[in-house]
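Coordinates as given in start-v5.pdb (PDB, C-alpha atoms):
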```pdb
ATOM      1  CA  MET A1316       1.443  -1.708  14.470
ATOM      2  CA  ILE A1317      -0.136  -0.389  11.229
ATOM      3  CA  SER A1318      -1.696   2.999  11.974
ATOM      4  CA  ASN A1319      -1.815   4.429   8.423
ATOM      5  CA  ALA A1320      -1.524   2.776   5.036
ATOM      6  CA  ILE A1321      -0.554   3.726   1.506
ATOM      7  CA  VAL A1322      -0.971   0.579  -0.569
ATOM      8  CA  PHE A1323       0.742  -0.497  -3.803
ATOM      9  CA  LYS A1324       0.303  -3.528  -6.014
ATOM     10  CA  ALA A1325       3.768  -5.082  -6.149
ATOM     11  CA  GLU A1326       5.591  -8.175  -7.345
ATOM     12  CA  LEU A1327       8.476  -8.638  -4.905
ATOM     13  CA  PRO A1328      11.357 -11.146  -4.827
ATOM     14  CA  SER A1329      11.498 -13.988  -2.308
ATOM     15  CA  ILE A1330      12.258 -13.378   1.353
ATOM     16  CA  GLU A1331      15.730 -14.917   1.083
ATOM     17  CA  SER A1332      16.539 -12.864  -1.995
ATOM     18  CA  LEU A1333      15.541  -9.643  -0.241
ATOM     19  CA  ARG A1334      17.601 -10.562   2.820
ATOM     20  CA  GLN A1335      20.668 -10.979   0.634
ATOM     21  CA  HIS A1336      20.080  -7.680  -1.171
ATOM     22  CA  PHE A1337      19.518  -5.763   2.069
ATOM     23  CA  ALA A1338      22.610  -7.286   3.707
ATOM     24  CA  GLU A1339      24.736  -5.926   0.862
ATOM     25  CA  LEU A1340      23.591  -2.381   1.688
ATOM     26  CA  ALA A1341      24.123  -2.417   5.437
ATOM     27  CA  TYR A1342      23.604   0.610   7.653
ATOM     28  CA  ARG A1343      26.434   3.085   8.101
ATOM     29  CA  GLU A1344      26.586   6.572   9.530
ATOM     30  CA  LEU A1345      26.255   9.615   7.289
ATOM     31  CA  SER A1346      29.536  11.137   6.200
ATOM     32  CA  ASP A1347      30.194  14.837   6.811
ATOM     33  CA  THR A1348      28.985  15.851   3.357
ATOM     34  CA  GLU A1349      26.036  13.437   3.067
ATOM     35  CA  TYR A1350      22.590  14.936   3.611
ATOM     36  CA  LYS A1351      20.300  11.893   3.575
ATOM     37  CA  ARG A1352      20.614   8.121   3.389
ATOM     38  CA  HIS A1353      18.154   5.217   3.304
ATOM     39  CA  CYS A1354      18.814   1.596   4.236
ATOM     40  CA  PHE A1355      16.791  -1.426   5.312
ATOM     41  CA  VAL A1356      17.447  -2.503   8.887
ATOM     42  CA  MET A1357      16.806  -5.425  11.201
ATOM     43  CA  ASN A1358      13.588  -5.967  13.124
ATOM     44  CA  GLU A1359      14.715  -5.580  16.748
ATOM     45  CA  VAL A1360      12.005  -7.969  17.985
ATOM     46  CA  THR A1361      12.619 -10.875  15.601
ATOM     47  CA  GLY A1362      16.248 -10.223  14.648
ATOM     48  CA  ASP A1363      15.499 -10.485  10.907
ATOM     49  CA  LEU A1364      16.240  -8.102   8.042
ATOM     50  CA  VAL A1365      13.039  -9.416   6.463
ATOM     51  CA  THR A1366      10.523 -10.748   8.981
ATOM     52  CA  ASP A1367       8.367 -13.568   7.670
ATOM     53  CA  PHE A1368       4.865 -14.216   9.000
ATOM     54  CA  PRO A1369       1.976 -16.387   7.726
ATOM     55  CA  GLY A1370       1.046 -15.123   4.269
ATOM     56  CA  GLY A1371       3.620 -12.373   4.021
ATOM     57  CA  PHE A1372       6.618 -10.512   5.374
ATOM     58  CA  ALA A1373       7.669  -7.150   6.797
ATOM     59  CA  ILE A1374      10.574  -4.796   6.096
ATOM     60  CA  CYS A1375      11.805  -1.621   7.785
ATOM     61  CA  LEU A1376      13.443   1.369   6.090
ATOM     62  CA  ARG A1377      15.707   3.585   8.170
ATOM     63  CA  THR A1378      16.150   7.187   6.999
ATOM     64  CA  ASP A1379      18.946   9.375   8.363
ATOM     65  CA  GLU A1380      18.740  13.045   7.412
ATOM     66  CA  LYS A1381      20.737  16.110   8.418
ATOM     67  CA  VAL A1382      18.617  18.786  10.069
ATOM     68  CA  ILE A1383      19.265  22.017   8.173
ATOM     69  CA  PRO A1384      16.477  24.590   8.673
ATOM     70  CA  PRO A1385      15.738  26.385   5.376
ATOM     71  CA  LYS A1386      15.687  29.765   7.136
ATOM     72  CA  VAL A1387      19.192  29.179   8.504
ATOM     73  CA  LEU A1388      20.490  28.180   5.071
ATOM     74  CA  GLN A1389      18.910  31.237   3.452
ATOM     75  CA  ALA A1390      20.194  33.594   6.152
ATOM     76  CA  GLU A1391      23.759  32.307   5.841
ATOM     77  CA  THR A1392      23.557  32.547   2.052
ATOM     78  CA  ASP A1393      22.241  36.123   2.155
ATOM     79  CA  LYS A1394      24.971  37.076   4.613
ATOM     80  CA  GLU A1395      27.734  35.690   2.392
ATOM     81  CA  VAL A1396      26.263  37.264  -0.754
ATOM     82  CA  THR A1397      26.050  40.649   0.991
ATOM     83  CA  ASN A1398      29.693  40.423   2.084
ATOM     84  CA  ILE A1399      30.816  39.627  -1.473
ATOM     85  CA  GLU A1400      28.731  42.422  -3.011
ATOM     86  CA  GLU A1401      30.076  44.969  -0.530
ATOM     87  CA  ALA A1402      33.656  43.858  -1.152
ATOM     88  CA  GLN A1403      33.373  43.809  -4.958
ATOM     89  CA  GLY A1404      30.881  46.623  -5.427
ATOM     90  CA  THR A1405      28.843  44.586  -7.911
ATOM     91  CA  LYS A1406      25.722  42.439  -7.690
ATOM     92  CA  VAL A1407      26.293  38.688  -7.422
ATOM     93  CA  PRO A1408      24.806  36.824 -10.446
ATOM     94  CA  ARG A1409      22.052  34.263  -9.853
ATOM     95  CA  LYS A1410      24.243  31.279 -10.802
ATOM     96  CA  THR A1411      26.963  32.423  -8.427
ATOM     97  CA  ARG A1412      24.385  32.919  -5.677
ATOM     98  CA  GLN A1413      23.187  29.332  -6.187
ATOM     99  CA  ALA A1414      26.760  28.028  -6.050
ATOM    100  CA  ILE A1415      27.310  29.931  -2.792
ATOM    101  CA  LYS A1416      24.128  28.422  -1.370
ATOM    102  CA  GLU A1417      25.274  24.894  -2.241
ATOM    103  CA  GLU A1418      28.687  25.514  -0.693
ATOM    104  CA  ILE A1419      27.096  26.759   2.524
ATOM    105  CA  PHE A1420      24.688  23.807   2.509
ATOM    106  CA  PHE A1421      27.556  21.297   2.518
ATOM    107  CA  ALA A1422      29.375  23.319   5.180
ATOM    108  CA  LEU A1423      26.273  23.157   7.376
ATOM    109  CA  CYS A1424      26.025  19.407   6.724
ATOM    110  CA  GLU A1425      29.330  18.870   8.494
ATOM    111  CA  GLN A1426      27.986  20.189  11.786
ATOM    112  CA  ALA A1427      24.259  19.458  11.514
ATOM    113  CA  LEU A1428      22.401  17.101  13.825
ATOM    114  CA  VAL A1429      20.994  13.899  12.310
ATOM    115  CA  SER A1430      17.300  13.038  12.433
ATOM    116  CA  THR A1431      16.423   9.331  12.192
ATOM    117  CA  SER A1432      13.041   7.878  11.226
ATOM    118  CA  TYR A1433      11.741   4.395  10.448
ATOM    119  CA  THR A1434       9.114   3.357   7.916
ATOM    120  CA  TRP A1435       7.603  -0.122   8.017
ATOM    121  CA  ALA A1436       6.023  -1.973   5.117
ATOM    122  CA  PHE A1437       4.054  -5.226   5.137
ATOM    123  CA  TYR A1438       3.665  -7.464   2.086
ATOM    124  CA  HIS A1439       0.632  -9.678   1.466
ATOM    125  CA  GLN A1440       1.943 -12.385  -0.844
ATOM    126  CA  GLU A1441      -1.342 -13.786  -2.176
ATOM    127  CA  HIS A1442      -2.813 -10.412  -3.145
ATOM    128  CA  GLN A1443       0.623  -8.927  -3.940
ATOM    129  CA  LEU A1444      -0.038  -5.836  -1.845
ATOM    130  CA  LEU A1445       2.730  -3.697  -0.373
ATOM    131  CA  ILE A1446       1.257  -1.861   2.623
ATOM    132  CA  VAL A1447       3.443   1.070   3.690
ATOM    133  CA  ASN A1448       2.752   2.220   7.247
ATOM    134  CA  THR A1449       2.711   5.972   6.661
ATOM    135  CA  GLY A1450       0.321   8.770   5.841
ATOM    136  CA  GLY A1451       2.898  10.654   3.780
ATOM    137  CA  LYS A1452       3.468  10.031   0.087
ATOM    138  CA  SER A1453       7.139  11.073   0.277
ATOM    139  CA  LYS A1454       7.912   8.355   2.837
ATOM    140  CA  ALA A1455       6.013   5.739   0.848
ATOM    141  CA  ASP A1456       7.867   6.706  -2.332
ATOM    142  CA  ALA A1457      11.205   6.624  -0.490
ATOM    143  CA  LEU A1458      10.542   3.067   0.672
ATOM    144  CA  VAL A1459       9.462   1.869  -2.775
ATOM    145  CA  ASN A1460      12.424   3.573  -4.477
ATOM    146  CA  SER A1461      14.838   2.112  -1.910
ATOM    147  CA  LEU A1462      13.316  -1.318  -2.464
ATOM    148  CA  ILE A1463      13.817  -0.994  -6.216
ATOM    149  CA  SER A1464      17.385   0.261  -5.705
ATOM    150  CA  ALA A1465      18.250  -2.637  -3.390
ATOM    151  CA  ALA A1466      16.495  -5.491  -5.186
ATOM    152  CA  GLY A1467      16.788  -4.387  -8.803
ATOM    153  CA  SER A1468      13.742  -4.902 -11.017
ATOM    154  CA  VAL A1469      10.625  -4.622  -8.874
ATOM    155  CA  LYS A1470       7.235  -4.096 -10.479
ATOM    156  CA  THR A1471       4.918  -1.756  -8.583
ATOM    157  CA  GLN A1472       1.544  -0.294  -9.469
ATOM    158  CA  THR A1473      -0.607   2.372  -7.928
ATOM    159  CA  ILE A1474      -4.149   1.485  -6.985
ATOM    160  CA  HIS A1475      -5.870   3.969  -9.270
ATOM    161  CA  ILE A1476      -9.594   4.539  -8.885
ATOM    162  CA  SER A1477     -11.205   7.028 -11.217
ATOM    163  CA  ASP A1478     -12.966   9.837  -9.315
ATOM    164  CA  ILE A1479     -12.953   8.007  -5.985
ATOM    165  CA  LYS A1480     -14.417  11.084  -4.274
ATOM    166  CA  HIS A1481     -17.549  10.910  -6.431
ATOM    167  CA  GLY A1482     -17.823   7.154  -5.890
ATOM    168  CA  ILE A1483     -17.693   7.429  -2.101
ATOM    169  CA  THR A1484     -20.037  10.431  -2.079
ATOM    170  CA  SER A1485     -22.716   8.824  -4.248
ATOM    171  CA  ARG A1486     -22.637   5.597  -2.229
ATOM    172  CA  LEU A1487     -22.909   7.454   1.070
ATOM    173  CA  GLN A1488     -25.836   9.471  -0.256
ATOM    174  CA  LYS A1489     -27.640   6.303  -1.383
ATOM    175  CA  LEU A1490     -26.986   4.716   2.010
ATOM    176  CA  ILE A1491     -28.426   7.658   3.978
ATOM    177  CA  GLU A1492     -31.421   7.962   1.639
ATOM    178  CA  GLY A1493     -32.157   4.269   2.188
ATOM    179  CA  GLU A1494     -31.810   3.546  -1.512
ATOM    180  CA  ASP A1495     -29.005   0.989  -1.036
ATOM    181  CA  ASP A1496     -28.348  -0.624   2.355
ATOM    182  CA  GLN A1497     -25.343  -2.459   0.865
ATOM    183  CA  ALA A1498     -23.755   0.615  -0.720
ATOM    184  CA  PHE A1499     -20.391  -0.248   0.844
ATOM    185  CA  GLY A1500     -20.620  -4.040   0.645
ATOM    186  CA  GLN A1501     -18.945  -5.686   3.637
ATOM    187  CA  LEU A1502     -17.815  -2.305   4.968
ATOM    188  CA  ASP A1503     -19.791  -0.367   7.570
ATOM    189  CA  VAL A1504     -19.746   3.408   7.947
ATOM    190  CA  ASP A1505     -18.266   4.645  11.235
ATOM    191  CA  ASP A1506     -18.913   7.955  13.039
ATOM    192  CA  HIS A1507     -16.623  10.316  11.090
ATOM    193  CA  ALA A1508     -16.959  12.228   7.817
ATOM    194  CA  LEU A1509     -15.149  15.203   6.310
ATOM    195  CA  LEU A1510     -17.033  16.991   3.530
ATOM    196  CA  VAL A1511     -15.531  19.525   1.137
ATOM    197  CA  ARG A1512     -17.069  21.924  -1.374
ATOM    198  CA  ARG A1513     -14.944  24.046  -3.691
ATOM    199  CA  PHE A1514     -16.319  27.278  -5.077
ATOM    200  CA  GLU A1515     -14.486  30.592  -4.737
ATOM    201  CA  GLU A1516     -13.200  29.278  -1.420
ATOM    202  CA  VAL A1517     -12.808  25.779  -0.017
ATOM    203  CA  GLU A1518     -15.588  24.998   2.445
ATOM    204  CA  LYS A1519     -15.181  22.115   4.893
ATOM    205  CA  VAL A1520     -17.634  20.446   7.256
ATOM    206  CA  THR A1521     -16.557  17.775   9.751
ATOM    207  CA  TYR A1522     -18.813  15.268  11.481
ATOM    208  CA  ALA A1523     -17.251  13.315  14.345
ATOM    209  CA  GLY A1524     -18.712  11.049  17.009
ATOM    210  CA  VAL A1525     -22.177  11.174  15.418
ATOM    211  CA  ASP A1526     -24.439   8.822  13.492
ATOM    212  CA  ILE A1527     -23.513   9.199   9.833
ATOM    213  CA  THR A1528     -25.893   6.755   8.160
ATOM    214  CA  GLY A1529     -29.040   8.480   9.454
ATOM    215  CA  ASN A1530     -27.813  12.069   9.439
ATOM    216  CA  GLN A1531     -30.275  14.334   7.615
ATOM    217  CA  GLU A1532     -28.045  17.400   7.927
ATOM    218  CA  LEU A1533     -25.155  15.551   6.299
ATOM    219  CA  LEU A1534     -27.468  14.361   3.526
ATOM    220  CA  ASP A1535     -28.531  17.953   2.867
ATOM    221  CA  GLN A1536     -24.867  18.929   2.572
ATOM    222  CA  LEU A1537     -24.262  16.187  -0.008
ATOM    223  CA  ARG A1538     -27.287  17.343  -2.003
ATOM    224  CA  ALA A1539     -25.895  20.896  -1.848
ATOM    225  CA  GLY A1540     -22.724  19.835  -3.644
ATOM    226  CA  TYR A1541     -20.379  18.773  -0.869
ATOM    227  CA  ARG A1542     -18.209  15.730  -1.544
ATOM    228  CA  VAL A1543     -16.710  13.230   0.862
ATOM    229  CA  GLU A1544     -13.018  13.874   1.448
ATOM    230  CA  ASP A1545     -12.535  11.474   4.355
ATOM    231  CA  LEU A1546     -14.931   8.795   5.658
ATOM    232  CA  GLY A1547     -14.732   6.632   8.781
ATOM    233  CA  MET A1548     -15.351   2.957   8.034
ATOM    234  CA  ILE A1549     -15.306  -0.440   9.748
ATOM    235  CA  PHE A1550     -14.254  -3.813   8.353
ATOM    236  CA  ASP A1551     -14.590  -6.729  10.752
ATOM    237  CA  ARG A1552     -12.706  -5.463  13.854
ATOM    238  CA  THR A1553     -10.768  -2.769  12.002
ATOM    239  CA  HIS A1554     -11.745   0.898  12.208
ATOM    240  CA  PHE A1555     -10.149   3.307   9.719
ATOM    241  CA  ARG A1556     -10.690   6.459   7.706
ATOM    242  CA  LEU A1557     -10.671   6.268   3.911
ATOM    243  CA  THR A1558      -9.393   9.378   2.126
ATOM    244  CA  SER A1559     -10.125  10.654  -1.367
ATOM    245  CA  GLU A1560      -6.536   9.674  -2.293
ATOM    246  CA  PHE A1561      -7.269   6.015  -1.457
ATOM    247  CA  ARG A1562      -5.224   6.072   1.721
ATOM    248  CA  LEU A1563      -6.189   4.543   5.052
ATOM    249  CA  LYS A1564      -5.712   6.701   8.152
ATOM    250  CA  CYS A1565      -6.194   6.271  11.898
ATOM    251  CA  ILE A1566      -6.321   2.472  11.642
ATOM    252  CA  LYS A1567      -7.316   0.770  14.883
ATOM    253  CA  ARG A1568      -8.051  -2.884  15.628
ATOM    254  CA  GLU A1569     -10.526  -3.918  18.307
ATOM    255  CA  PRO A1570      -8.591  -6.203  20.683
ATOM    256  CA  ILE A1571      -9.569  -9.800  21.372
ATOM    257  CA  ASP A1572      -9.480 -10.914  24.986
ATOM    258  CA  SER A1573      -7.069 -13.803  25.444
ATOM    259  CA  ASP A1574      -6.124 -15.815  28.521
ATOM    260  CA  GLU A1575      -2.881 -16.923  26.905
ATOM    261  CA  ASP A1576       0.343 -15.502  28.321
ATOM    262  CA  ASP A1577       2.760 -15.769  25.421
ATOM    263  CA  ASP A1578       6.301 -14.776  26.351
ATOM    264  CA  ASP A1579       7.514 -15.362  22.798
ATOM    265  CA  HIS A1580       7.591 -11.727  21.645
ATOM    266  CA  ALA A1581       8.804 -12.616  18.151
ATOM    267  CA  HIS A1582       5.830 -14.966  17.698
ATOM    268  CA  GLN A1583       3.440 -12.310  19.013
ATOM    269  CA  TRP A1584       4.897  -9.755  16.596
ATOM    270  CA  ARG A1585       4.468 -12.104  13.632
ATOM    271  CA  MET A1586       0.873 -12.980  14.550
ATOM    272  CA  GLN A1587      -0.078  -9.328  14.937
ATOM    273  CA  ALA A1588       1.563  -8.476  11.602
ATOM    274  CA  HIS A1589      -0.326 -11.351   9.975
ATOM    275  CA  GLU A1590      -3.708 -10.266  11.396
ATOM    276  CA  GLU A1591      -3.318  -6.603  10.492
ATOM    277  CA  THR A1592      -1.974  -7.318   7.006
ATOM    278  CA  GLN A1593      -4.852  -9.724   6.354
ATOM    279  CA  ALA A1594      -7.362  -7.121   7.516
ATOM    280  CA  ILE A1595      -5.978  -4.372   5.291
ATOM    281  CA  ALA A1596      -5.786  -6.738   2.315
ATOM    282  CA  GLY A1597      -9.470  -7.521   2.882
ATOM    283  CA  ILE A1598     -10.335  -3.828   3.083
ATOM    284  CA  VAL A1599      -8.442  -3.032  -0.114
ATOM    285  CA  ALA A1600     -10.025  -5.955  -1.978
ATOM    286  CA  GLU A1601     -13.522  -4.854  -0.960
ATOM    287  CA  LEU A1602     -12.894  -1.209  -1.874
ATOM    288  CA  CYS A1603     -11.360  -2.122  -5.227
ATOM    289  CA  GLN A1604     -14.409  -4.198  -6.109
ATOM    290  CA  LEU A1605     -16.857  -1.507  -5.017
ATOM    291  CA  LEU A1606     -15.036   1.409  -6.658
ATOM    292  CA  GLU A1607     -13.922  -0.329  -9.874
ATOM    293  CA  TYR A1608     -10.156  -0.510  -9.478
ATOM    294  CA  LYS A1609      -8.017  -0.159 -12.606
ATOM    295  CA  GLU A1610      -4.341  -1.087 -12.571
ATOM    296  CA  GLU A1611      -1.864   1.582 -13.622
ATOM    297  CA  GLU A1612       1.809   0.675 -13.815
ATOM    298  CA  VAL A1613       4.107   3.356 -12.403
ATOM    299  CA  ALA A1614       7.479   1.669 -12.000
ATOM    300  CA  ALA A1615       9.380  -1.416 -13.074
TER
END
```

Once more with this new file: its structure as structure tokens, please.
Amino acid sequence: MISNAIVFKAELPSIESLRQHFAELAYRELSDTEYKRHCFVMNEVTGDLVTDFPGGFAICLRTDEKVIPPKVLQAETDKEVTNIEEAQGTKVPRKTRQAIKEEIFFALCEQALVSTSYTWAFYHQEHQLLIVNTGGKSKADALVNSLISAAGSVKTQTIHISDIKHGITSRLQKLIEGEDDQAFGQLDVDDHALLVRRFEEVEKVTYAGVDITGNQELLDQLRAGYRVEDLGMIFDRTHFRLTSEFRLKCIKREPIDSDEDDDDHAHQWRMQAHEETQAIAGIVAELCQLLEYKEEEVAA
């Protein structure tokens, strides 16, 4: 369900309030001249615009975007500019060239195919965490901006940690050296690490499927100036990779064997959303405590 996470601190309206706001901006197809459109859509499993579950709720942003390859746009623009210059015998000014490009862009919009994508977000009400299921900042920002546009005043904050790369690196070094067995608190280190060193060129070293906590070679790399860019970690039954941008990637939950045969798919969906949201909230809380989180307001 949640495979990647970019997390915001957020104060969101009630579930009913959001449902009303989203219903007012219902989905419609792109017009001929529209390039992109966002709207919140119904959960096909539960039938809700905003799906409640114990301790939180989930929302889904649909993005429709015309597929216009930049090379095609540039080629058509160059072709039209060349035709004009040959006909008039003078060079087309930059402003005119830009106007031609915009005109061609809208002409291409009328016949372009539409690409559709969905971005899910899960809200933990107690900790006021908005967990956006994406690894891309542009998609996370699109969801937050659409939420603000639909609901009005919504307060969001980034989770800003000063020099997170140094914090993770120093803790990993202490853990391998045996100086601090609790360097990551309730978090355990998994079997993946990406190290980076920047001199005249960027040097990268990846460790995968190996013991990290007792790895002498990796320790030597850290002592030589490499820093941790991406570290595999475990929290309870959740495996993930923490990046230097405070994003969670490759999230996987160890399954629990159950003899129950629940045919209520909506209930199953809600319980899974609850478990995964709780797990990520726990991970974020532990990391914020370890790495000295400072709130930084970015939107209101």

Evaluated on this file, the PyMOL selection byres ((chain A and resi 1570) around 12) picks out some residues - which ones are they, written as an NGL selection string?
:A and (1551-1554 or 1567-1569 or 1571-1573 or 1587 or 1590-1591)

Provide the atom CA of Gln1497 of chain A to atom CA of Leu1537 of chain A distance in Å, to one decimal place.
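Computing it gives 18.7 Å between the two atoms.
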
Within 9 Å of Ile1527 of chain A, counting all atoms listed in the file, which residues show up once you throw out same-chain ones fewer than 5 positions away? Write them as a PDB file with C-alpha atoms, keeping the file's coordinate frame, please.
```pdb
ATOM      1  CA  LEU A1487     -22.909   7.454   1.070  1.00  0.00           C
ATOM      2  CA  ILE A1491     -28.426   7.658   3.978  1.00  0.00           C
ATOM      3  CA  VAL A1504     -19.746   3.408   7.947  1.00  0.00           C
ATOM      4  CA  ASP A1505     -18.266   4.645  11.235  1.00  0.00           C
ATOM      5  CA  ASP A1506     -18.913   7.955  13.039  1.00  0.00           C
ATOM      6  CA  HIS A1507     -16.623  10.316  11.090  1.00  0.00           C
ATOM      7  CA  ALA A1508     -16.959  12.228   7.817  1.00  0.00           C
ATOM      8  CA  TYR A1522     -18.813  15.268  11.481  1.00  0.00           C
ATOM      9  CA  LEU A1533     -25.155  15.551   6.299  1.00  0.00           C
TER      10      LEU A1533
END
```

Go through segment 1513-1583 of chain A residue by residue and, counting all atoms listed in the file, keep those with an atom at most 9 Å from segment 1361-1377 of chain A; for each kept residue give the shortest atom pair and its distance in Å to one decimal, ordered by chain and increasing number, as JSON lines.
```
{"residue": "A:His1580", "atom": "CA", "partner": "A:Thr1361", "partner_atom": "CA", "distance": 7.9}
{"residue": "A:Ala1581", "atom": "CA", "partner": "A:Thr1361", "partner_atom": "CA", "distance": 4.9}
{"residue": "A:His1582", "atom": "CA", "partner": "A:Thr1361", "partner_atom": "CA", "distance": 8.2}
```

Those residues with C-alpha atoms, as a compact mmCIF listing (two decimals), in the coordinates of the input please?
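Final output, saved to out.txt:
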```txt
# COMPACT_ATOMS: atom_id res chain seq x y z
CA HIS A 1580 7.59 -11.73 21.64
CA ALA A 1581 8.80 -12.62 18.15
CA HIS A 1582 5.83 -14.97 17.70
```

Contacts of segment 1599-1610 of chain A at 12 Å (all atoms listed in the file; same-chain gap of 2+ positions) as number ranges by chain
A: 1320-1325, 1439, 1441-1446, 1471-1486, 1497-1503, 1548-1551, 1555, 1557-1559, 1561-1563, 1592-1597, 1612-1613

Mind pulling up the distance from atom CA of His1589 of chain A to atom CA of Glu1326 of chain A?
18.6 Å

For the file shown, report as an NGL selection string the outcome of the PyMOL selection byres ((chain A and resi 1432-1434) around 8) at residue level.
:A and (1375-1379 or 1430-1431 or 1435-1436 or 1447-1449 or 1454 or 1458)

Atomic separation - atom CA of Leu1327 of chain A relative to atom CA of Cys1354 of chain A, Å
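Answer for the atom CA of Cys1354 of chain A to atom CA of Leu1327 of chain A separation: 17.2 Å.
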
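Across A:Val1387, A:Val1469, A:Ile1463, A:Leu1510, the tightest approach to Tyr1541 of chain A is made by A:Leu1510 when counting only C-alpha atoms.
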
Written as JSON, numbers by chain, what is the full residue list that the PyMOL selection byres ((chain A and resi 1344) around 12) yields on the file shown?
{"A": [1341, 1342, 1343, 1345, 1346, 1347, 1348, 1349, 1350, 1351, 1352, 1353, 1354, 1377, 1378, 1379, 1380, 1381, 1429, 1430, 1431]}

Which one of A:Val1360, A:Val1396, A:Ile1317, A:Val1407 sits closest to Asp1579 of chain A if you count all atoms listed in the file?
A:Val1360

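Shortest atom-to-atom contact with Ser1461 of chain A among A:Glu1331, A:Ala1588, A:Glu1492, A:His1336: A:His1336, counting only C-alpha atoms.
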
Applying 12 Å and all atoms listed in the file, which residues near Glu1339 of chain A remain after dropping the ones on its own chain fewer than 4 positions away? List them as a PyMOL selection string.
chain A and resi 1332-1335+1343+1354-1356+1364+1464-1466

Segment 1394-1397 of chain A: axis-aligned bounding box, 8 Å on each side, centre and edge lengths in Å, one decimal, as JSON:
```
{"center_x": 26.4, "center_y": 38.2, "center_z": 1.9, "size_x": 18.8, "size_y": 21.0, "size_z": 21.4}
```

Restricting the calculation to all atoms listed in the file: of A:Phe1514, A:Gln1389, A:Gly1493, A:Arg1556, which residue gets closest to Asn1530 of chain A?
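Among the listed residues, the smallest separation from Asn1530 of chain A belongs to A:Gly1493.
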